[in-house]
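Q: Dumping the structure here so I can ask a few things about it.
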Amino acid sequence: MNCYLKSVVSSSAVVLVLALLLPSGFVSGAFQRKPTARTPPGEELFNSNCARCHGADGRSDTPLGHLLKAPDFTDPEWWKKNSSLTTTKTLRSIVARGKGGMPGFQKKLTRSEINLLVERVRSFRKLERKS
């Protein structure tokens, strides 16, 4: 193989490996941007770990959200009915250990990241629910 062809094959292999790893979240933490005034704390972390079921908007209007009956975090009634589950301590425990069909994240995320996710979940409570 000539030198040029080796270089192209090698570069293609690196690009392929990165393309496979980035969507899986394996290296996503290394590329997270710092929150700005427009980006709520924990938004990117929530989007990469939770939005698949809970939706980026917290409404759980996703195929997996419907299948697993994930709660709509923007619904004031859900917050009232589940007040025993919505304390910061309980939410931390649910994110860390999982609940029902939701996996636990204590082995994947740091305590600080779990706290950011809880903060993000609680931020949906403040949003006005649009039907």
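Following the order of the structure tokens, first chain is A, next is B, and so on, with residues numbered from 1 inside each chain and ligands from 1 in the order they appear.
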So that I can check the surroundings of Gly58 of chain A, please list as number ranges by chain every protein, DNA and RNA residue that reaches within 9 Å of it, counting only C-alpha atoms and ignoring chain neighbours fewer than 2 positions away.

A: A: 50-51, 53-56, 60-61, 71-74, 121, 124

Q: Could those residues be written to a file, using N, CA and C atoms, as a PDB file, in the first residue's frame?

A:
ATOM      1  N   CYS A  50     -31.479  11.716  29.113  1.00  0.00           N
ATOM      2  CA  CYS A  50     -32.868  11.579  29.550  1.00  0.00           C
ATOM      3  C   CYS A  50     -33.901  11.853  28.463  1.00  0.00           C
ATOM      4  N   ALA A  51     -33.547  12.671  27.483  1.00  0.00           N
ATOM      5  CA  ALA A  51     -34.525  13.141  26.497  1.00  0.00           C
ATOM      6  C   ALA A  51     -35.078  12.021  25.623  1.00  0.00           C
ATOM      7  N   CYS A  53     -36.453   9.424  26.505  1.00  0.00           N
ATOM      8  CA  CYS A  53     -37.753   9.065  27.077  1.00  0.00           C
ATOM      9  C   CYS A  53     -38.541  10.301  27.514  1.00  0.00           C
ATOM     10  N   HIS A  54     -37.882  11.219  28.200  1.00  0.00           N
ATOM     11  CA  HIS A  54     -38.566  12.366  28.789  1.00  0.00           C
ATOM     12  C   HIS A  54     -38.715  13.545  27.835  1.00  0.00           C
ATOM     13  N   GLY A  55     -38.100  13.471  26.659  1.00  0.00           N
ATOM     14  CA  GLY A  55     -38.173  14.568  25.701  1.00  0.00           C
ATOM     15  C   GLY A  55     -37.322  15.738  26.152  1.00  0.00           C
ATOM     16  N   ALA A  56     -36.770  16.460  25.213  1.00  0.00           N
ATOM     17  CA  ALA A  56     -35.930  17.615  25.550  1.00  0.00           C
ATOM     18  C   ALA A  56     -36.726  18.687  26.280  1.00  0.00           C
ATOM     19  N   SER A  60     -42.201  14.229  28.020  1.00  0.00           N
ATOM     20  CA  SER A  60     -42.230  12.775  27.801  1.00  0.00           C
ATOM     21  C   SER A  60     -43.092  12.371  26.613  1.00  0.00           C
ATOM     22  N   ASP A  61     -43.226  13.271  25.662  1.00  0.00           N
ATOM     23  CA  ASP A  61     -44.003  13.002  24.461  1.00  0.00           C
ATOM     24  C   ASP A  61     -43.092  12.382  23.406  1.00  0.00           C
ATOM     25  N   PRO A  71     -43.249  10.391  33.249  1.00  0.00           N
ATOM     26  CA  PRO A  71     -44.046  11.558  33.651  1.00  0.00           C
ATOM     27  C   PRO A  71     -43.741  12.800  32.823  1.00  0.00           C
ATOM     28  N   ASP A  72     -44.761  13.637  32.712  1.00  0.00           N
ATOM     29  CA  ASP A  72     -44.635  14.948  32.074  1.00  0.00           C
ATOM     30  C   ASP A  72     -44.186  15.916  33.158  1.00  0.00           C
ATOM     31  N   PHE A  73     -42.922  16.313  33.122  1.00  0.00           N
ATOM     32  CA  PHE A  73     -42.366  17.176  34.164  1.00  0.00           C
ATOM     33  C   PHE A  73     -42.917  18.603  34.124  1.00  0.00           C
ATOM     34  N   THR A  74     -43.658  18.948  33.074  1.00  0.00           N
ATOM     35  CA  THR A  74     -44.240  20.287  32.996  1.00  0.00           C
ATOM     36  C   THR A  74     -45.672  20.319  33.536  1.00  0.00           C
ATOM     37  N   VAL A 121     -34.612  18.721  35.912  1.00  0.00           N
ATOM     38  CA  VAL A 121     -35.967  18.179  36.042  1.00  0.00           C
ATOM     39  C   VAL A 121     -36.850  19.164  36.803  1.00  0.00           C
ATOM     40  N   PHE A 124     -38.326  22.167  34.853  1.00  0.00           N
ATOM     41  CA  PHE A 124     -39.503  21.973  34.008  1.00  0.00           C
ATOM     42  C   PHE A 124     -40.784  22.319  34.762  1.00  0.00           C
TER      43      PHE A 124
END

Q: Env of Arg120 of chain A: 8 Å cut, atoms = only C-alpha atoms, seq-sep filter 5 positions within chain, self excluded. Answer as an mmCIF file with N, CA and C atoms, in the first residue's frame.

A:
data_model
loop_
_atom_site.group_PDB
_atom_site.id
_atom_site.type_symbol
_atom_site.label_atom_id
_atom_site.label_comp_id
_atom_site.auth_asym_id
_atom_site.auth_seq_id
_atom_site.Cartn_x
_atom_site.Cartn_y
_atom_site.Cartn_z
ATOM 1 N N PRO A 40 -30.030 26.408 30.202
ATOM 2 C CA PRO A 40 -30.210 26.062 31.613
ATOM 3 C C PRO A 40 -29.155 25.049 32.060
ATOM 4 N N PRO A 41 -28.737 25.121 33.326
ATOM 5 C CA PRO A 41 -27.765 24.147 33.827
ATOM 6 C C PRO A 41 -28.305 22.724 33.653
ATOM 7 N N GLY A 42 -27.466 21.857 33.185
ATOM 8 C CA GLY A 42 -27.838 20.459 33.024
ATOM 9 C C GLY A 42 -28.613 20.144 31.760
ATOM 10 N N GLU A 43 -28.872 21.136 30.909
ATOM 11 C CA GLU A 43 -29.681 20.898 29.712
ATOM 12 C C GLU A 43 -29.023 19.876 28.783
ATOM 13 N N PHE A 46 -29.067 16.473 30.359
ATOM 14 C CA PHE A 46 -30.426 15.930 30.285
ATOM 15 C C PHE A 46 -30.706 15.436 28.868
#

Q: Rank nothing, just name the residue among A:Ser112, A:Leu117, A:Lys69, A:Trp78 nearest to Gly100 of chain A, using only C-alpha atoms.

A: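 Under the stated criterion, the closest residue is A:Lys69.
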
Q: From the list A:Val95, A:Ala70, A:Thr62, A:Glu77, which residue is nearest Leu116 of chain A when using only C-alpha atoms?

A: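 The closest residue to Leu116 of chain A is A:Val95.
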
Q: Measure the distance from atom CA of Lys107 of chain A to atom CA of Arg38 of chain A in Å and round it to one decimal.

A: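 If I compute the distance from atom CA of Lys107 of chain A to atom CA of Arg38 of chain A, I get 29.4 Å.
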
Q: Might you pull out every residue within 8 Å of Gln106 of chain A, with only C-alpha atoms counted and same-chain residues fewer than 3 positions away left off, and present them as a PyMOL selection string?

A: chain A and resi 95-97+109-111+114

Q: Distance atom CA of Arg59 of chain A-atom CA of Gly101 of chain A, one decimal place?

A: 16.8 Å

Q: Tell me which of A:Thr88, A:Glu113, A:Met102, A:Pro76 sits closest to Lys126 of chain A, counting only C-alpha atoms.

A: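 Ranked by minimum distance to Lys126 of chain A, first place goes to A:Pro76.
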
Q: Rounded to one decimal, what separation in Å do you get between atom CA of Asn115 of chain A and atom CA of Arg92 of chain A?

A: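 Taking atom CA of Asn115 of chain A as the start and atom CA of Arg92 of chain A as the end point, the length is 6.7 Å.
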